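I have placed the structure first, in the form of structure tokens, so that the comments after it can refer back to it.
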Amino acid sequence: MNPLQKIRVLVVDDSALMRKLIPQILETDEAIQVVGTAMDGNFGLKKIQDLKPQVITLDLEMPGMGGIDMLKEIMRRHRIPVIVVSSHSTEGASVTLKALSLGAFDFVAKPQDVSSRMQESGRELIAKIKAAAQSRGIQITAPSDSVSPVRTQKVNISEKRQPSKIVAIGISTGGPQSLQYVLAQLPHDFPGSIVVVQHMPEGFTEMFARRLDECCALNVKEAQSGDLLLAGRVLICPGSRHLKVKHLPLGDIAILSDDPRVNGHRPSVDVLFKSVAEEFGNRAVGVIMTGMGEDGAHGLGLIKAAGGMTIAQGEQSCVVYGMPKVAIERGHAMRVIELEAMANALEAQCSVEIGSSRKAFGAGQF
């Protein structure tokens with residue numbers, strides 16, 4: 001993109017207040033030009049033809065043609081990156097995750113207190129608009145055969161198997177679909193335990209974990225303090241919390257904290273990676289995937305220094321090649337693997353049993 005050329009943005013929202021506020025905030029950044037606004041999907045589609053925007057911000061809950069229907073048309077006819085501006089409600093979280101599955105680039109949560117928090121949300125929206133304008137429009141779709149086996153063969157967490165390795169995944173923009181793609185290909189008897197920091201606000205991660213659980217043979221849940229790190233289990237860090245891990249004689253556990261933001265994020269990938277490096281050393285596998293910024297790059301280096309394996313997602317399959325690029329440039333990634341091969345790589349890394357890693361809890365082998 002020409003640095004002198006402003007990013008053309010169309011704002012679609014049924015709220016007159018938002019159609020006024022969002023453009024005001026966006027145009028405080030000299031790199032962005034709001035070329036128009038629309039109050040519903042029908043008007044929005046007409047303005048795409050006339051105004052030729054490069055990025056669209058989209059409210060999902062609108063009268064007339066709603067956001068989901070408009071998004072489907074944009075994906076079918078225009079392939080313009082769309083950033084959803086979503087409500088914090090349970091219904092809002094559900095429809096937002098649906099929008100991501102249909103090809104939305106990312107989302108920003110509408111603040112519940114518009115007067116005091118809109119500037120913060122606006123800064124996030126500006127950063128994501130800039131990333132969207134530079135993205136290559138990669139679309140991630142889950143493998144077609146990934147759903148059917150899940151219904152018949154789900155991992156049995158009651159077996160409480162100690163994991164061979166602890167796989168820590170850090171991921172941001174482009175994460176929901178990329179993570180689903182990888183997890184859906186892992187078998188129900190996957191011997192590792194997976195802990196995930198996905199940059200996502202409070203109120204969205206529980207629904208996200210539930211949707212992943214429905215399409216995976218692994219057991220996926222939003223993490224709670226004290227959750228055991230078990231073979232075949234995936235723990236998703238809750239929004240607005242940090243996730244750490246602890247190696248204890250009676251079992252490895254997850255711990256949540258409300259410590260300050262790191263790299264501007266809570267949850268932060270660096271916080272998780274540092275904890276995994278300190279607690280598990282050569283049993284740790286750090287994976288940094290698609291996303292903006294550099295969160296996780298330092299922590300990946302700590303895992304490498306502790307004797308663990310470090311993996312970065314390759315550029316060709318990243319929706320945003322930010323976090324992996326920084327980690328690779330700093331020399332912290334031992335392997336660079338594209339999304340299609342990630343599940344196989346994780347299986348290979350975790351298939352080597354360490355000591356009594358496959359024995360049941362309570363066997364006194366820790």
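Chain identifiers are assigned as A, B, and so on, following the order in which chains appear in the structure tokens; residues are numbered from 1 within each chain, and ligands are numbered from 1 in order of appearance.
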Find the residues near Ile253 in chain A: any atom within 8 Å, counting only C-alpha atoms, skip ones fewer than 6 places away on the same chain, and give them as a PDB file with all heavy atoms, in the first residue's frame.
ATOM      1  N   SER A 225      -8.875 -21.551  37.094  1.00  0.00           N
ATOM      2  CA  SER A 225      -7.752 -21.850  37.975  1.00  0.00           C
ATOM      3  C   SER A 225      -7.949 -23.220  38.609  1.00  0.00           C
ATOM      4  O   SER A 225      -9.032 -23.535  39.113  1.00  0.00           O
ATOM      5  CB  SER A 225      -7.625 -20.785  39.069  1.00  0.00           C
ATOM      6  OG  SER A 225      -7.030 -19.620  38.570  1.00  0.00           O
ATOM      7  N   GLY A 226      -6.904 -24.045  38.559  1.00  0.00           N
ATOM      8  CA  GLY A 226      -6.977 -25.390  39.123  1.00  0.00           C
ATOM      9  C   GLY A 226      -7.302 -26.467  38.118  1.00  0.00           C
ATOM     10  O   GLY A 226      -7.205 -27.660  38.433  1.00  0.00           O
ATOM     11  N   ASP A 227      -7.665 -26.086  36.885  1.00  0.00           N
ATOM     12  CA  ASP A 227      -7.907 -27.098  35.852  1.00  0.00           C
ATOM     13  C   ASP A 227      -6.634 -27.914  35.625  1.00  0.00           C
ATOM     14  O   ASP A 227      -5.539 -27.359  35.503  1.00  0.00           O
ATOM     15  CB  ASP A 227      -8.304 -26.440  34.523  1.00  0.00           C
ATOM     16  CG  ASP A 227      -9.782 -26.102  34.443  1.00  0.00           C
ATOM     17  OD1 ASP A 227     -10.555 -26.647  35.235  1.00  0.00           O
ATOM     18  OD2 ASP A 227     -10.144 -25.281  33.571  1.00  0.00           O
ATOM     19  N   LEU A 228      -6.793 -29.225  35.543  1.00  0.00           N
ATOM     20  CA  LEU A 228      -5.655 -30.098  35.285  1.00  0.00           C
ATOM     21  C   LEU A 228      -5.243 -30.037  33.816  1.00  0.00           C
ATOM     22  O   LEU A 228      -6.086 -29.953  32.925  1.00  0.00           O
ATOM     23  CB  LEU A 228      -6.003 -31.538  35.653  1.00  0.00           C
ATOM     24  CG  LEU A 228      -6.140 -31.844  37.147  1.00  0.00           C
ATOM     25  CD1 LEU A 228      -6.818 -33.199  37.356  1.00  0.00           C
ATOM     26  CD2 LEU A 228      -4.784 -31.814  37.836  1.00  0.00           C
ATOM     27  N   LEU A 229      -3.940 -30.073  33.587  1.00  0.00           N
ATOM     28  CA  LEU A 229      -3.418 -30.177  32.224  1.00  0.00           C
ATOM     29  C   LEU A 229      -3.368 -31.653  31.872  1.00  0.00           C
ATOM     30  O   LEU A 229      -2.497 -32.388  32.334  1.00  0.00           O
ATOM     31  CB  LEU A 229      -2.022 -29.559  32.133  1.00  0.00           C
ATOM     32  CG  LEU A 229      -1.862 -28.122  32.648  1.00  0.00           C
ATOM     33  CD1 LEU A 229      -0.442 -27.624  32.388  1.00  0.00           C
ATOM     34  CD2 LEU A 229      -2.882 -27.183  32.028  1.00  0.00           C
ATOM     35  N   VAL A 245       0.824 -21.722  34.055  1.00  0.00           N
ATOM     36  CA  VAL A 245       0.741 -23.150  34.384  1.00  0.00           C
ATOM     37  C   VAL A 245       1.664 -23.439  35.563  1.00  0.00           C
ATOM     38  O   VAL A 245       2.603 -22.691  35.832  1.00  0.00           O
ATOM     39  CB  VAL A 245       1.129 -24.033  33.180  1.00  0.00           C
ATOM     40  CG1 VAL A 245       0.123 -23.886  32.052  1.00  0.00           C
ATOM     41  CG2 VAL A 245       2.537 -23.678  32.676  1.00  0.00           C
ATOM     42  N   LYS A 246       1.372 -24.534  36.259  1.00  0.00           N
ATOM     43  CA  LYS A 246       2.173 -24.913  37.425  1.00  0.00           C
ATOM     44  C   LYS A 246       2.349 -26.418  37.455  1.00  0.00           C
ATOM     45  O   LYS A 246       1.387 -27.164  37.302  1.00  0.00           O
ATOM     46  CB  LYS A 246       1.464 -24.453  38.711  1.00  0.00           C
ATOM     47  CG  LYS A 246       2.302 -24.611  39.977  1.00  0.00           C
ATOM     48  CD  LYS A 246       3.426 -23.596  40.031  1.00  0.00           C
ATOM     49  CE  LYS A 246       4.214 -23.685  41.338  1.00  0.00           C
ATOM     50  NZ  LYS A 246       5.399 -22.817  41.338  1.00  0.00           N
ATOM     51  N   HIS A 247       3.618 -26.852  37.620  1.00  0.00           N
ATOM     52  CA  HIS A 247       3.914 -28.278  37.744  1.00  0.00           C
ATOM     53  C   HIS A 247       3.896 -28.648  39.222  1.00  0.00           C
ATOM     54  O   HIS A 247       4.692 -28.145  40.007  1.00  0.00           O
ATOM     55  CB  HIS A 247       5.281 -28.575  37.132  1.00  0.00           C
ATOM     56  CG  HIS A 247       5.704 -30.006  37.258  1.00  0.00           C
ATOM     57  ND1 HIS A 247       4.937 -31.049  36.788  1.00  0.00           N
ATOM     58  CD2 HIS A 247       6.806 -30.584  37.819  1.00  0.00           C
ATOM     59  CE1 HIS A 247       5.556 -32.194  37.033  1.00  0.00           C
ATOM     60  NE2 HIS A 247       6.685 -31.934  37.671  1.00  0.00           N
TER      61      HIS A 247
END
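Within the 8 Å cut-off around Leu100 in chain A, using only C-alpha atoms and omitting residues fewer than 4 positions from it on the same chain, the listed residues are A:Thr96, A:Ala104, A:Phe105, A:Asp106, A:Pro176, A:Gln177.
The shell of residues at most 9 Å from His88 in chain A, with only C-alpha atoms counted and near chain neighbours (fewer than 6 positions) removed, consists of Ala109, Lys110, Pro111, Gln112, Pro201, Glu202, Gly203 and Phe204 of chain A.
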Expected answer as JSON, numbers by chain: strand (DSSP E) residues in range 110-248 of chain A: {"A": [166, 167, 168, 169, 170, 171, 193, 194, 195, 196, 197, 198, 219, 220, 221, 222, 233, 234, 235, 236, 242, 243, 244, 245, 246]}
Writing out the chosen residues with C-alpha atoms as a PDB file, in the first residue's frame:
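Output file selection.pdb is given in full below:
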ATOM      1  CA  ILE A 166       2.616 -29.173  27.231  1.00  0.00           C
ATOM      2  CA  VAL A 167       1.775 -27.351  23.990  1.00  0.00           C
ATOM      3  CA  ALA A 168       1.360 -23.593  24.464  1.00  0.00           C
ATOM      4  CA  ILE A 169      -0.226 -21.757  21.542  1.00  0.00           C
ATOM      5  CA  GLY A 170      -0.246 -17.976  21.128  1.00  0.00           C
ATOM      6  CA  ILE A 171      -2.520 -16.573  18.446  1.00  0.00           C
ATOM      7  CA  SER A 193      -2.051 -31.067  26.691  1.00  0.00           C
ATOM      8  CA  ILE A 194      -2.765 -27.775  24.932  1.00  0.00           C
ATOM      9  CA  VAL A 195      -3.036 -24.331  26.527  1.00  0.00           C
ATOM     10  CA  VAL A 196      -4.063 -21.403  24.345  1.00  0.00           C
ATOM     11  CA  VAL A 197      -3.901 -17.632  24.555  1.00  0.00           C
ATOM     12  CA  GLN A 198      -6.114 -16.174  21.840  1.00  0.00           C
ATOM     13  CA  ASN A 219     -11.918 -31.785  25.070  1.00  0.00           C
ATOM     14  CA  VAL A 220     -11.924 -27.974  24.798  1.00  0.00           C
ATOM     15  CA  LYS A 221     -12.977 -25.644  27.604  1.00  0.00           C
ATOM     16  CA  GLU A 222     -12.409 -22.127  28.880  1.00  0.00           C
ATOM     17  CA  ARG A 233      -7.490 -31.480  26.809  1.00  0.00           C
ATOM     18  CA  VAL A 234      -7.370 -27.937  25.413  1.00  0.00           C
ATOM     19  CA  LEU A 235      -7.689 -24.967  27.782  1.00  0.00           C
ATOM     20  CA  ILE A 236      -8.550 -21.550  26.307  1.00  0.00           C
ATOM     21  CA  HIS A 242      -3.632 -14.074  32.160  1.00  0.00           C
ATOM     22  CA  LEU A 243      -2.999 -17.829  31.955  1.00  0.00           C
ATOM     23  CA  LYS A 244      -0.051 -19.498  33.680  1.00  0.00           C
ATOM     24  CA  VAL A 245       0.741 -23.150  34.384  1.00  0.00           C
ATOM     25  CA  LYS A 246       2.173 -24.913  37.425  1.00  0.00           C
TER      26      LYS A 246
END
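Residue nearest Asp69 in chain A within the list A:Leu125, A:Ala16, A:Cys350, A:Leu45: A:Leu45 [criterion: smallest interatomic distance, only C-alpha atoms].
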